[in-house]
$ cat model_9.txt   # compact mmCIF, C-alpha atoms
# COMPACT_ATOMS: atom_id res chain seq x y z
CA MET A 1 34.36 -144.88 -154.32
CA ALA A 2 33.04 -142.75 -151.49
CA VAL A 3 33.46 -141.90 -147.82
CA THR A 4 30.59 -140.08 -146.11
CA LEU A 5 29.68 -138.35 -142.86
CA THR A 6 26.34 -138.49 -141.11
CA GLU A 7 24.66 -135.17 -140.43
CA SER A 8 25.68 -135.46 -136.76
CA ALA A 9 29.35 -136.00 -137.66
CA ALA A 10 29.30 -133.13 -140.17
CA LYS A 11 27.84 -130.75 -137.56
CA HIS A 12 30.47 -131.77 -135.01
CA VAL A 13 33.32 -131.24 -137.51
CA SER A 14 31.90 -127.90 -138.69
CA ASN A 15 31.58 -126.63 -135.12
CA TYR A 16 35.09 -127.74 -134.24
CA ILE A 17 36.62 -126.13 -137.34
CA ALA A 18 34.81 -122.89 -136.47
CA LYS A 19 36.25 -123.02 -132.94
CA ARG A 20 39.75 -123.73 -134.31
CA GLY A 21 39.45 -120.81 -136.70
CA LYS A 22 41.01 -122.76 -139.56
CA GLY A 23 40.73 -126.01 -141.49
CA LEU A 24 39.56 -127.36 -144.82
CA GLY A 25 37.75 -130.40 -143.44
CA LEU A 26 38.42 -133.79 -141.91
CA ARG A 27 41.25 -136.16 -142.86
CA LEU A 28 40.59 -139.90 -142.53
CA GLY A 29 43.16 -142.63 -142.97
CA VAL A 30 44.36 -145.98 -141.71
CA LYS A 31 47.62 -147.07 -140.11
CA THR A 32 49.12 -150.40 -139.14
CA SER A 33 48.41 -150.86 -135.46
CA GLY A 34 46.69 -152.89 -132.76
CA CYS A 35 46.00 -156.57 -132.42
CA SER A 36 43.80 -156.79 -135.54
CA GLY A 37 46.26 -155.07 -137.86
CA MET A 38 44.84 -151.62 -138.70
CA ALA A 39 43.56 -148.56 -136.88
CA TYR A 40 41.69 -145.48 -138.04
CA LYS A 41 43.32 -142.05 -138.13
CA VAL A 42 41.16 -138.94 -137.73
CA GLU A 43 42.68 -135.48 -138.06
CA PHE A 44 41.62 -132.04 -139.19
CA ALA A 45 42.86 -131.20 -142.68
CA ASP A 46 44.55 -127.84 -143.04
CA VAL A 47 46.06 -128.55 -146.48
CA LYS A 48 45.19 -130.83 -149.38
CA GLY A 49 47.69 -133.64 -149.87
CA GLU A 50 48.99 -134.44 -153.33
CA ASP A 51 47.29 -137.86 -153.44
CA ASP A 52 44.11 -136.93 -151.52
CA HIS A 53 40.64 -137.85 -152.72
CA ILE A 54 38.00 -135.38 -151.54
CA PHE A 55 34.42 -136.26 -150.65
CA GLU A 56 31.76 -133.93 -149.26
CA SER A 57 28.86 -134.57 -146.88
CA PHE A 58 26.54 -131.88 -145.49
CA GLY A 59 28.99 -129.19 -146.56
CA VAL A 60 32.04 -130.77 -144.88
CA LYS A 61 34.98 -132.03 -146.95
CA VAL A 62 36.55 -135.39 -146.16
CA PHE A 63 40.14 -135.96 -147.31
CA VAL A 64 41.39 -139.54 -147.80
CA ASP A 65 44.85 -140.42 -149.10
CA GLU A 66 45.29 -142.85 -152.00
CA LYS A 67 46.69 -145.69 -149.85
CA SER A 68 43.87 -145.55 -147.26
CA LEU A 69 41.00 -145.29 -149.74
CA PRO A 70 40.68 -149.03 -150.57
CA TYR A 71 40.27 -149.76 -146.84
CA LEU A 72 37.81 -146.90 -146.27
CA ASP A 73 35.71 -147.08 -149.44
CA GLY A 74 32.03 -147.12 -148.52
CA THR A 75 32.68 -146.03 -144.93
CA GLU A 76 30.22 -143.78 -143.11
CA LEU A 77 31.54 -141.82 -140.15
CA ASP A 78 29.04 -140.97 -137.42
CA TYR A 79 29.36 -138.91 -134.25
CA THR A 80 27.45 -140.37 -131.33
CA ARG A 81 26.77 -139.71 -127.67
CA GLU A 82 26.00 -142.69 -125.46
CA GLY A 83 25.67 -141.74 -121.81
CA LEU A 84 28.89 -140.00 -120.79
CA ASN A 85 30.77 -141.27 -123.86
CA GLU A 86 30.89 -139.45 -127.15
CA GLY A 87 32.97 -139.77 -130.27
CA PHE A 88 33.28 -140.85 -133.86
CA LYS A 89 31.95 -144.25 -134.88
CA PHE A 90 33.04 -145.92 -138.13
CA HIS A 91 30.58 -147.97 -140.18
CA ASN A 92 33.01 -149.66 -142.58
CA PRO A 93 31.64 -152.39 -144.88
CA ASN A 94 35.21 -153.60 -145.53
CA GLU A 95 35.84 -154.68 -141.93
CA THR A 96 35.90 -158.43 -141.47
CA SER A 97 36.73 -158.34 -137.75
CA ARG A 98 37.62 -156.05 -134.83
CA CYS A 99 39.77 -156.60 -131.80
CA GLY A 100 38.05 -156.99 -128.43
CA CYS A 101 38.92 -153.46 -127.29
CA GLY A 102 37.58 -151.94 -130.52
CA GLU A 103 40.76 -149.99 -131.30
CA SER A 104 41.78 -151.90 -134.41
CA PHE A 105 40.22 -153.82 -137.29
CA HIS A 106 41.01 -156.24 -140.09
CA VAL A 107 39.88 -156.25 -143.73

$ encode --input "model_9.txt" --output "structure tokens"
Amino acid sequence: MAVTLTESAAKHVSNYIAKRGKGLGLRLGVKTSGCSGMAYKVEFADVKGEDDHIFESFGVKVFVDEKSLPYLDGTELDYTREGLNEGFKFHNPNETSRCGCGESFHV
């Protein structure tokens, strides 16, 4: 089981943690939401949770809780800039469909 960051995503997270002045890494998870059933959660991790699995990419730690891991296993998180838009982009091999607005997914 693994969750990874691209080099671009790792640089973005590292820079943001440096600006914040604190943080252990990035916390990824899923929650029930949207028209397709699930949505991604992205937060900065300041503490390790009791049931967290920790992965590391390009020197950045990624924390994933036990319940979210089956839905995120194999996921690569990228950080992209397309014109005026920028943000995280999930490449999740477990997704079977996405809603039209792109805010939620189904496995």

$ atom_distance --input "model_9.txt" --atom1 "atom CA of A:Gly74" --atom2 "atom CA of A:Val47"
23.4 Å

$ atom_distance --input "model_9.txt" --atom1 "atom CA of A:Val64" --atom2 "atom CA of A:Phe90"
14.3 Å

$ closest_atom_pairs --input "model_9.txt" --of "stretch 28-73 of chain A" --to "stretch 4-19 of chain A" --cutoff "12 Å" --atoms "all atoms listed in the file" --output "CSV"
residue,atom,partner,partner_atom,distance
A:Leu28,CA,A:Thr4,CA,10.6
A:Val42,CA,A:Val13,CA,11.0
A:Glu43,CA,A:Val13,CA,10.3
A:Phe44,CA,A:Ile17,CA,8.0
A:Ala45,CA,A:Ile17,CA,9.7
A:Asp46,CA,A:Ile17,CA,9.9
A:Ile54,CA,A:Thr4,CA,10.3
A:Phe55,CA,A:Thr4,CA,7.1
A:Glu56,CA,A:Thr4,CA,7.0
A:Ser57,CA,A:Leu5,CA,5.6
A:Phe58,CA,A:Ala10,CA,6.1
A:Gly59,CA,A:Ala10,CA,7.5
A:Val60,CA,A:Ala10,CA,5.9
A:Lys61,CA,A:Ala10,CA,8.9
A:Val62,CA,A:Thr4,CA,7.6
A:Phe63,CA,A:Thr4,CA,10.5
A:Val64,CA,A:Thr4,CA,10.9
A:Leu72,CA,A:Thr4,CA,9.9
A:Asp73,CA,A:Thr4,CA,9.3

$ atom_distance --input "model_9.txt" --atom1 "atom CA of A:His53" --atom2 "atom CA of A:Val3"
9.6 Å

$ residues_around --input "model_9.txt" --residues "A:Tyr71" --least-positions-apart "5" --cutoff "12 Å" --atoms "only C-alpha atoms" --output "ChimeraX atom specification"
/A:1-3,28-32,38-40,64-66,90-96,105-107

$ write_last_selection --input "model_9.txt" --atoms "C-alpha atoms" --output "short mmCIF file (atom, residue, chain, number, x, y, z; two decimals), keeping the file's coordinate frame"
data_model
loop_
_atom_site.label_atom_id
_atom_site.label_comp_id
_atom_site.auth_asym_id
_atom_site.auth_seq_id
_atom_site.Cartn_x
_atom_site.Cartn_y
_atom_site.Cartn_z
CA MET A 1 34.36 -144.88 -154.32
CA ALA A 2 33.04 -142.75 -151.49
CA VAL A 3 33.46 -141.90 -147.82
CA LEU A 28 40.59 -139.90 -142.53
CA GLY A 29 43.16 -142.63 -142.97
CA VAL A 30 44.36 -145.98 -141.71
CA LYS A 31 47.62 -147.07 -140.11
CA THR A 32 49.12 -150.40 -139.14
CA MET A 38 44.84 -151.62 -138.70
CA ALA A 39 43.56 -148.56 -136.88
CA TYR A 40 41.69 -145.48 -138.04
CA VAL A 64 41.39 -139.54 -147.80
CA ASP A 65 44.85 -140.42 -149.10
CA GLU A 66 45.29 -142.85 -152.00
CA PHE A 90 33.04 -145.92 -138.13
CA HIS A 91 30.58 -147.97 -140.18
CA ASN A 92 33.01 -149.66 -142.58
CA PRO A 93 31.64 -152.39 -144.88
CA ASN A 94 35.21 -153.60 -145.53
CA GLU A 95 35.84 -154.68 -141.93
CA THR A 96 35.90 -158.43 -141.47
CA PHE A 105 40.22 -153.82 -137.29
CA HIS A 106 41.01 -156.24 -140.09
CA VAL A 107 39.88 -156.25 -143.73
#

$ closest_residue --input "model_9.txt" --among "A:Ser33, A:Leu69, A:Glu86, A:Arg27" --to "A:Gly49" --atoms "only C-alpha atoms"
A:Arg27

$ axis_aligned_box --input "model_9.txt" --around "stretch 39-46 of chain A" --padding-each-side "6 Å" --output "AutoDock Vina command-line options"
--center_x 42.9 --center_y -138.2 --center_z -140.0 --size_x 15.4 --size_y 32.7 --size_z 18.2
